[in-house]
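Asker: This is the structure I want to talk about, given as structure tokens.
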Amino acid sequence: TFTPAALLVTGGAGFIGSNFINRFLVRNPGCRVVNLDCLTYAGNLKNLTAVENNPAYRFVRGDIGDAACVAALLREERIDAVVNFAAESHVDRSITGPEIFVRTNVLGTQVLLEESRKHWQSGAVADFRFYQISTDEVYGSLGETGFFTEETPLAANSPYSASKAGADLLVRAYHETFGLPTLISRCSNNYGPYHFPEKLIPLLIANIIAQKPLPVYGDGSNVRDWLHVRDHGAAIECVLKQAVPGSVYNIGGNNEWKNIDIVNLVCDLLDGRLGRQPGENRGLITFVKDRPGHDKRYAIDASKLKRELGWSPSYTFEQGIAETIDWYLANQEWVAEVTSGAYRDYYCRQYGEA
Ligand code: NAD
């Protein structure tokens, strides 16, 4: 097993990274965490108020593509593991503006890899890991049956997933070519607290509260596998500490839902909580033109992770989704803050109204 002493977490102000840091620092009091994030629209330091005064935590505002900044942090903080969450992560944005996806997700990852290689080869730390947080979307789309395994060929269909696949291949290449001790995990859709409200579940919750239309792509029959973000964090910790360098793990909840069924479920759970009539929120559903290249179905076979490292999810979907809805209801101030300004402009372009 590998016990890190100082983690460089990139993109730690985003949805999954902040949930990971909050959880990891509580569970690993002997480990320091440096969070490198350039704070795009998706990064929010309000996600990290629980750890901001923890002496084992440090935030640095910077870009993963800035080699000098990355090199200095690796050296000065004696970093022995990099966990790379930093990315442009929203598929719709990658269709209207793919360039930044290549810059951050591909070139940014390459800079992190190159600086990590130099740092590791300098012998500054006894052991080292470079851990790339990836997505099941790199595998492309499935038909009605079957699952993605770690052996499924990469067949990305959106500029977002293509940029993530490019990064995965660079990580693989740094392991094969230079022997850098790398890890990759590919996870299905996450849900939970601090999820930016452009993504399906928090968008639904926000619009239902505001009684705004609920945009659903196509006929809503696309299928996704959903995992609670804290279960993803637990899986990452497991892989970081136990996996053999060079390995790849799928992470998933074995929890497939059609988009329209998720929409109906969230509508129904909010009827009661908002004192509305049963079925009332479903009236807000509005089908919109399908996303180009919209993958039909994703489903993950996470049996390797269960078998080899003993991980399994702790949340049932029923419990996780109810808790998530209650979290959003209790944290309306957070929602208002992250949905101001730049986000509203984007939302107008995408859906034609604010
Ligand atoms: P997010 O968009 O919420 O957060 C991304 C973070 O990266 C933000 O804080 C942003 O400021 C930061 N960032 C962006 N560009 C940067 C740069 N150049 N330098 C430094 N920081 C930068 O994304 P998320 O949903 O938390 O996803 C995190 C990672 O997990 C991504 O790599 C994503 O591909 C992957 N992933 C996400 C999901 C999901 O369901 N959300 C599923 C599987 C994998």
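Starting from 1 in every chain, residues are counted up; chains themselves are A, B, ... following the order of the structure tokens, and ligands are numbered from 1 as listed.
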Give me the residues within 8 Å of Lys258 (chain A) as a PyMOL selection string, counting only C-alpha atoms and dropping any in the same chain fewer than 3 places off.

Answerer: chain A and resi 220-224+261-262

Asker: Pick out the residues no farther than 7 Å from ligand 1, counting only C-alpha atoms and all ligand atoms, and list them as a PDB file with C-alpha atoms, in the first residue's frame.

Answerer:
ATOM      1  CA  THR A  10      -5.969  19.945  -8.961  1.00  0.00           C
ATOM      2  CA  GLY A  11      -9.462  21.261  -9.670  1.00  0.00           C
ATOM      3  CA  GLY A  12     -10.265  20.865  -5.974  1.00  0.00           C
ATOM      4  CA  ALA A  13     -12.726  23.764  -5.977  1.00  0.00           C
ATOM      5  CA  GLY A  14     -15.062  21.935  -8.359  1.00  0.00           C
ATOM      6  CA  PHE A  15     -17.820  19.464  -7.579  1.00  0.00           C
ATOM      7  CA  ILE A  16     -15.971  16.170  -7.181  1.00  0.00           C
ATOM      8  CA  GLY A  17     -12.609  17.607  -6.108  1.00  0.00           C
ATOM      9  CA  LEU A  36      -4.411  24.018  -7.224  1.00  0.00           C
ATOM     10  CA  ASP A  37      -7.413  25.514  -9.016  1.00  0.00           C
ATOM     11  CA  CYS A  38      -7.700  28.478 -11.379  1.00  0.00           C
ATOM     12  CA  LEU A  39     -11.352  29.054 -10.377  1.00  0.00           C
ATOM     13  CA  THR A  40     -13.238  28.942 -13.650  1.00  0.00           C
ATOM     14  CA  TYR A  41     -17.028  29.446 -13.475  1.00  0.00           C
ATOM     15  CA  ALA A  42     -17.201  25.876 -12.082  1.00  0.00           C
ATOM     16  CA  GLY A  43     -14.752  26.393  -9.222  1.00  0.00           C
ATOM     17  CA  ASN A  44     -16.067  27.796  -5.946  1.00  0.00           C
ATOM     18  CA  GLY A  62      -3.247  28.721 -10.573  1.00  0.00           C
ATOM     19  CA  ASP A  63      -3.545  26.923 -13.884  1.00  0.00           C
ATOM     20  CA  ILE A  64      -2.469  23.298 -14.359  1.00  0.00           C
ATOM     21  CA  GLY A  65      -1.022  24.447 -17.708  1.00  0.00           C
ATOM     22  CA  ASN A  84      -5.885  15.517 -11.279  1.00  0.00           C
ATOM     23  CA  PHE A  85      -9.552  16.554 -11.187  1.00  0.00           C
ATOM     24  CA  ALA A  86      -8.973  19.832 -13.060  1.00  0.00           C
ATOM     25  CA  ALA A  87     -10.938  19.873 -16.290  1.00  0.00           C
ATOM     26  CA  GLU A  88     -13.541  21.553 -18.364  1.00  0.00           C
ATOM     27  CA  SER A  89     -16.332  19.129 -17.591  1.00  0.00           C
ATOM     28  CA  HIS A  90     -19.577  20.127 -19.307  1.00  0.00           C
ATOM     29  CA  THR A 104      -7.104  22.321 -20.147  1.00  0.00           C
ATOM     30  CA  GLY A 108      -2.930  20.885 -19.003  1.00  0.00           C
ATOM     31  CA  ILE A 133      -9.633  11.265 -12.705  1.00  0.00           C
ATOM     32  CA  SER A 134     -11.405  10.188 -15.866  1.00  0.00           C
ATOM     33  CA  THR A 135     -14.887   9.368 -17.062  1.00  0.00           C
ATOM     34  CA  ASP A 136     -16.823   6.470 -18.568  1.00  0.00           C
ATOM     35  CA  LYS A 164     -10.543  13.241 -21.615  1.00  0.00           C
ATOM     36  CA  ARG A 186     -13.149   6.139 -15.019  1.00  0.00           C
ATOM     37  CA  CYS A 187     -16.367   6.924 -13.217  1.00  0.00           C
ATOM     38  CA  SER A 188     -20.003   7.191 -14.218  1.00  0.00           C
ATOM     39  CA  ASN A 189     -22.222  10.241 -13.564  1.00  0.00           C
ATOM     40  CA  ASN A 190     -21.852  11.688 -10.085  1.00  0.00           C
ATOM     41  CA  TYR A 191     -24.556  13.390  -8.037  1.00  0.00           C
ATOM     42  CA  HIS A 195     -22.879  20.056  -8.050  1.00  0.00           C
ATOM     43  CA  PHE A 196     -22.903  23.048 -10.380  1.00  0.00           C
TER      44      PHE A 196
END

Asker: Nearest residue to Asp219 (chain A) out of A:Val51, A:Leu142, A:Val9, A:Val263, using only C-alpha atoms?

Answerer: A:Val263

Asker: Between CA of Leu107 (chain A) and CA of Ala6 (chain A), measure the distance and give it in Å to one decimal.

Answerer: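 Rounded to one decimal, the two atoms are 24.1 Å apart.
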
Asker: Give the answer as one residue: which of A:Gly279, A:Gly253, A:Gly166, A:Pro193 has the shortest atom-to-atom distance to Thr109 (chain A), using only C-alpha atoms?

Answerer: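 Looking at the shortest contact to Thr109 (chain A), the residue is A:Gly166.
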
Asker: Just the residues within 7 Å of region 310-324 of chain A, please, counting only C-alpha atoms, with nothing from its chain fewer than 3 positions along; format it as a list in words.

Answerer: Gly192, Pro193, His228, Asp231, Ala235, Gly253, Leu305, Lys306, Arg307, Trp327 and Tyr328 of chain A

Asker: So which one's closest to Leu48 (chain A), A:Leu25, A:Val239, A:Leu284, A:Ala67? Using only C-alpha atoms, please.

Answerer: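 Checking each candidate against Leu48 (chain A), we get A:Leu25 as the closest.
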
Asker: Just asking: which residues within region 8-225 of chain A are helix (DSSP H, G or I) according to DSSP, as number ranges by chain?

Answerer: A: 15-27, 45-48, 67-76, 91-96, 99-121, 136-139, 159-178, 200-210

Asker: If DSSP is run on the backbone, what residues of region 67-167 of chain A are strand (DSSP E)? A reply as a ChimeraX atom specification would be ideal.

Answerer: /A:81-84,129-135

Asker: Pick from A:Leu240, A:Leu170, A:Cys31, A:Ala5: nearest to Pro55 (chain A), with only C-alpha atoms counted?

Answerer: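 Looking only at the distances to Pro55 (chain A), the closest residue turns out to be A:Cys31.
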
Asker: Could you check which of A:Ala210, A:Leu269, A:Arg291, A:Val171 is closest to Asn157 (chain A), using only C-alpha atoms?

Answerer: A:Arg291

Asker: Return the single residue from A:Ala155, A:Val338, A:Val244, A:Ile100 that is closest to Phe130 (chain A), with distances computed using only C-alpha atoms.

Answerer: A:Val244

Asker: What's the separation between CA of Glu256 (chain A) and CA of Arg297 (chain A), in Å to one decimal place?

Answerer: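 Separation between CA of Glu256 (chain A) and CA of Arg297 (chain A): 9.0 Å.
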
Asker: Please list as a PDB file with C-alpha atoms, in the first residue's frame every residue within 12 Å of Gly218 (chain A), counting only C-alpha atoms and excluding residues in the same chain fewer than 3 positions away.

Answerer:
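Okay, selection.pdb is ready:
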ATOM      1  CA  PRO A 215     -35.448  20.969 -20.293  1.00  0.00           C
ATOM      2  CA  SER A 221     -34.651   7.823 -23.061  1.00  0.00           C
ATOM      3  CA  ASN A 222     -30.847   8.183 -22.717  1.00  0.00           C
ATOM      4  CA  LYS A 258     -33.296   6.783 -18.043  1.00  0.00           C
ATOM      5  CA  ASN A 259     -33.041  10.568 -17.925  1.00  0.00           C
ATOM      6  CA  ILE A 260     -36.833  10.953 -17.988  1.00  0.00           C
ATOM      7  CA  ILE A 285     -41.162  19.030 -18.113  1.00  0.00           C
ATOM      8  CA  THR A 286     -40.312  20.414 -21.581  1.00  0.00           C
ATOM      9  CA  PHE A 287     -38.686  18.228 -24.217  1.00  0.00           C
ATOM     10  CA  VAL A 288     -35.970  20.089 -26.163  1.00  0.00           C
ATOM     11  CA  LYS A 289     -34.015  19.241 -29.327  1.00  0.00           C
ATOM     12  CA  ASP A 290     -31.554  16.428 -28.647  1.00  0.00           C
ATOM     13  CA  ARG A 291     -27.870  17.160 -28.086  1.00  0.00           C
ATOM     14  CA  PRO A 292     -25.798  16.365 -31.224  1.00  0.00           C
ATOM     15  CA  GLY A 293     -23.828  13.126 -30.806  1.00  0.00           C
ATOM     16  CA  HIS A 294     -25.792  12.358 -27.622  1.00  0.00           C
ATOM     17  CA  ASP A 295     -24.563   8.985 -26.337  1.00  0.00           C
ATOM     18  CA  LYS A 296     -27.493   6.599 -25.869  1.00  0.00           C
TER      19      LYS A 296
END

Asker: Between CA of Asn331 (chain A) and CA of Ala50 (chain A), what is the distance in Å, rounded to a tenth?

Answerer: 14.5 Å
